[in-house]
Amino acid sequence: NEYEAAKKINPRLAFPYFDLALFFLFRQQQEAAIAEYDQVLALDNKNVKAYTRKCAAYFNIGETDKALASCKTATTLDPNFTEAVKWLGQVRYNRRDYEDAITDFATCRAQEIAATNIQPVDRLSECWYLAGLAQYLLGHCDKAYPLFNEVLSFTDNPQAIQLTRKGIAGCAAVNPGTPTPTPIPIPPTKLPPILS
């Protein structure tokens, strides 16, 4: 009710729509969340965040054609919005378009590594482990192992660790005797000194 009241007070502000969409997502009401993102897009048809979140909502209900369209629009509007690039890769991965997903995930990894304000533990681990799984599914364990190794060195995400280990096990079954990766710690990122 408060979000609805906020929208009536100033219908041109985007944040009440985003907050209400999060409320609906928490309640597993993806369609209602999509309607809120559509409201944002009615106000600003170039809102990359709204297209990205709409892509994720469509993805979560299995509407991969609509998810793909929303993610493509988001990455066309802003190819540097890493969350959109990650979701585009994830949608393509689930559609078994592994080659394009690998390209998207490579872009995502490059953007995450270049972002000096992101600590390794906060990186979008999907860009590593899903890329590794895509390489494994294409029969390229030599390309999958470095991705698996790197993600294990920084993530604490249980799903990422579980799926990475499954990928490693799959590669080991296909290539017995090949050494499996062991995590190599990434040196901490140097942050600029705080100015007083």
# chains A, B, ... in the order shown; residues from 1 in each chain; ligands from 1

call {"tool": "select_by_dssp", "arguments": {"residues": "stretch 16-80 of chain A", "states": "alpha helix (DSSP H)", "output": "MDAnalysis selection string"}}
result
chainID A and resid 16:26 30:43 48:60 64:77

call {"tool": "residues_around", "arguments": {"residues": "A:Arg109", "least_positions_apart": "2", "cutoff": "10 Å", "atoms": "only C-alpha atoms", "output": "ChimeraX atom specification"}}
result
/A:82,85-86,103-107,111-115,123-128,131

call {"tool": "atom_distance", "arguments": {"atom1": "atom CA of A:Tyr98", "atom2": "atom CA of A:Leu133"}}
result
9.1 Å

call {"tool": "residues_around", "arguments": {"residues": "A:Phe24", "least_positions_apart": "5", "cutoff": "10 Å", "atoms": "only C-alpha atoms", "output": "ChimeraX atom specification"}}
result
/A:18-19,29-34,36

call {"tool": "atom_distance", "arguments": {"atom1": "atom CA of A:Tyr145", "atom2": "atom CA of A:Asp122"}}
result
21.1 Å

call {"tool": "residues_around", "arguments": {"residues": "stretch 56-66 of chain A", "least_positions_apart": "6", "cutoff": "12 Å", "atoms": "only C-alpha atoms", "output": "number ranges by chain"}}
result
A: 21-22, 24-26, 28-38, 49-50, 72-74, 83-97

call {"tool": "closest_residue", "arguments": {"among": "A:Ala110, A:Ala42, A:Leu152, A:Leu138", "to": "A:Phe81", "atoms": "only C-alpha atoms"}}
result
A:Ala110

call {"tool": "closest_residue", "arguments": {"among": "A:Glu99, A:Asp156, A:Asp44, A:Asp78", "to": "A:Gly139", "atoms": "only C-alpha atoms"}}
result
A:Glu99

call {"tool": "decode", "arguments": {"residues": "stretch 77-98 of chain A", "atoms": "N, CA, C and O atoms", "output": "compact mmCIF listing (two decimals), in the first residue's frame"}}
result
# COMPACT_ATOMS: atom_id res chain seq x y z
N LEU A 77 21.51 -1.03 -25.22
CA LEU A 77 21.46 0.31 -24.65
C LEU A 77 22.73 0.64 -23.87
O LEU A 77 23.22 1.77 -23.91
N ASP A 78 23.26 -0.34 -23.14
CA ASP A 78 24.48 -0.12 -22.35
C ASP A 78 25.28 -1.41 -22.28
O ASP A 78 25.05 -2.25 -21.40
N PRO A 79 26.23 -1.61 -23.22
CA PRO A 79 27.02 -2.83 -23.22
C PRO A 79 27.94 -2.97 -22.00
O PRO A 79 28.50 -4.04 -21.78
N ASN A 80 28.07 -1.92 -21.20
CA ASN A 80 28.93 -1.97 -20.01
C ASN A 80 28.16 -2.24 -18.73
O ASN A 80 28.75 -2.24 -17.65
N PHE A 81 26.86 -2.49 -18.83
CA PHE A 81 26.07 -2.82 -17.64
C PHE A 81 26.23 -4.32 -17.40
O PHE A 81 25.57 -5.15 -18.00
N THR A 82 27.16 -4.65 -16.52
CA THR A 82 27.61 -6.03 -16.34
C THR A 82 26.48 -6.98 -15.95
O THR A 82 26.44 -8.12 -16.41
N GLU A 83 25.56 -6.53 -15.13
CA GLU A 83 24.45 -7.39 -14.73
C GLU A 83 23.65 -7.85 -15.95
O GLU A 83 23.24 -9.02 -16.04
N ALA A 84 23.45 -6.96 -16.91
CA ALA A 84 22.72 -7.31 -18.14
C ALA A 84 23.51 -8.31 -18.97
O ALA A 84 22.94 -9.26 -19.52
N VAL A 85 24.81 -8.11 -19.06
CA VAL A 85 25.66 -9.03 -19.83
C VAL A 85 25.62 -10.42 -19.20
O VAL A 85 25.52 -11.44 -19.90
N LYS A 86 25.68 -10.46 -17.87
CA LYS A 86 25.62 -11.74 -17.16
C LYS A 86 24.31 -12.45 -17.43
O LYS A 86 24.27 -13.64 -17.74
N TRP A 87 23.19 -11.70 -17.34
CA TRP A 87 21.88 -12.33 -17.57
C TRP A 87 21.73 -12.78 -19.02
O TRP A 87 21.15 -13.84 -19.28
N LEU A 88 22.27 -12.01 -19.96
CA LEU A 88 22.21 -12.43 -21.35
C LEU A 88 22.94 -13.76 -21.53
O LEU A 88 22.43 -14.68 -22.17
N GLY A 89 24.11 -13.88 -20.92
CA GLY A 89 24.84 -15.15 -20.97
C GLY A 89 24.07 -16.28 -20.32
O GLY A 89 24.02 -17.40 -20.84
N GLN A 90 23.44 -15.99 -19.20
CA GLN A 90 22.69 -17.03 -18.49
C GLN A 90 21.49 -17.50 -19.31
O GLN A 90 21.20 -18.71 -19.37
N VAL A 91 20.80 -16.57 -19.94
CA VAL A 91 19.67 -16.95 -20.79
C VAL A 91 20.16 -17.81 -21.95
O VAL A 91 19.59 -18.87 -22.26
N ARG A 92 21.24 -17.38 -22.59
CA ARG A 92 21.77 -18.15 -23.72
C ARG A 92 22.27 -19.52 -23.27
O ARG A 92 22.09 -20.52 -23.98
N TYR A 93 22.88 -19.58 -22.12
CA TYR A 93 23.33 -20.87 -21.58
C TYR A 93 22.14 -21.81 -21.42
O TYR A 93 22.20 -22.97 -21.83
N ASN A 94 21.06 -21.34 -20.82
CA ASN A 94 19.89 -22.18 -20.62
C ASN A 94 19.20 -22.57 -21.93
O ASN A 94 18.51 -23.58 -21.99
N ARG A 95 19.40 -21.76 -22.96
CA ARG A 95 18.85 -22.08 -24.28
C ARG A 95 19.82 -22.98 -25.07
O ARG A 95 19.60 -23.26 -26.24
N ARG A 96 20.91 -23.38 -24.44
CA ARG A 96 21.95 -24.23 -25.04
C ARG A 96 22.68 -23.56 -26.19
O ARG A 96 23.22 -24.22 -27.07
N ASP A 97 22.73 -22.25 -26.16
CA ASP A 97 23.51 -21.47 -27.10
C ASP A 97 24.85 -21.19 -26.41
O ASP A 97 25.15 -20.07 -26.02
N TYR A 98 25.62 -22.27 -26.24
CA TYR A 98 26.81 -22.21 -25.41
C TYR A 98 27.89 -21.28 -25.96
O TYR A 98 28.56 -20.59 -25.19
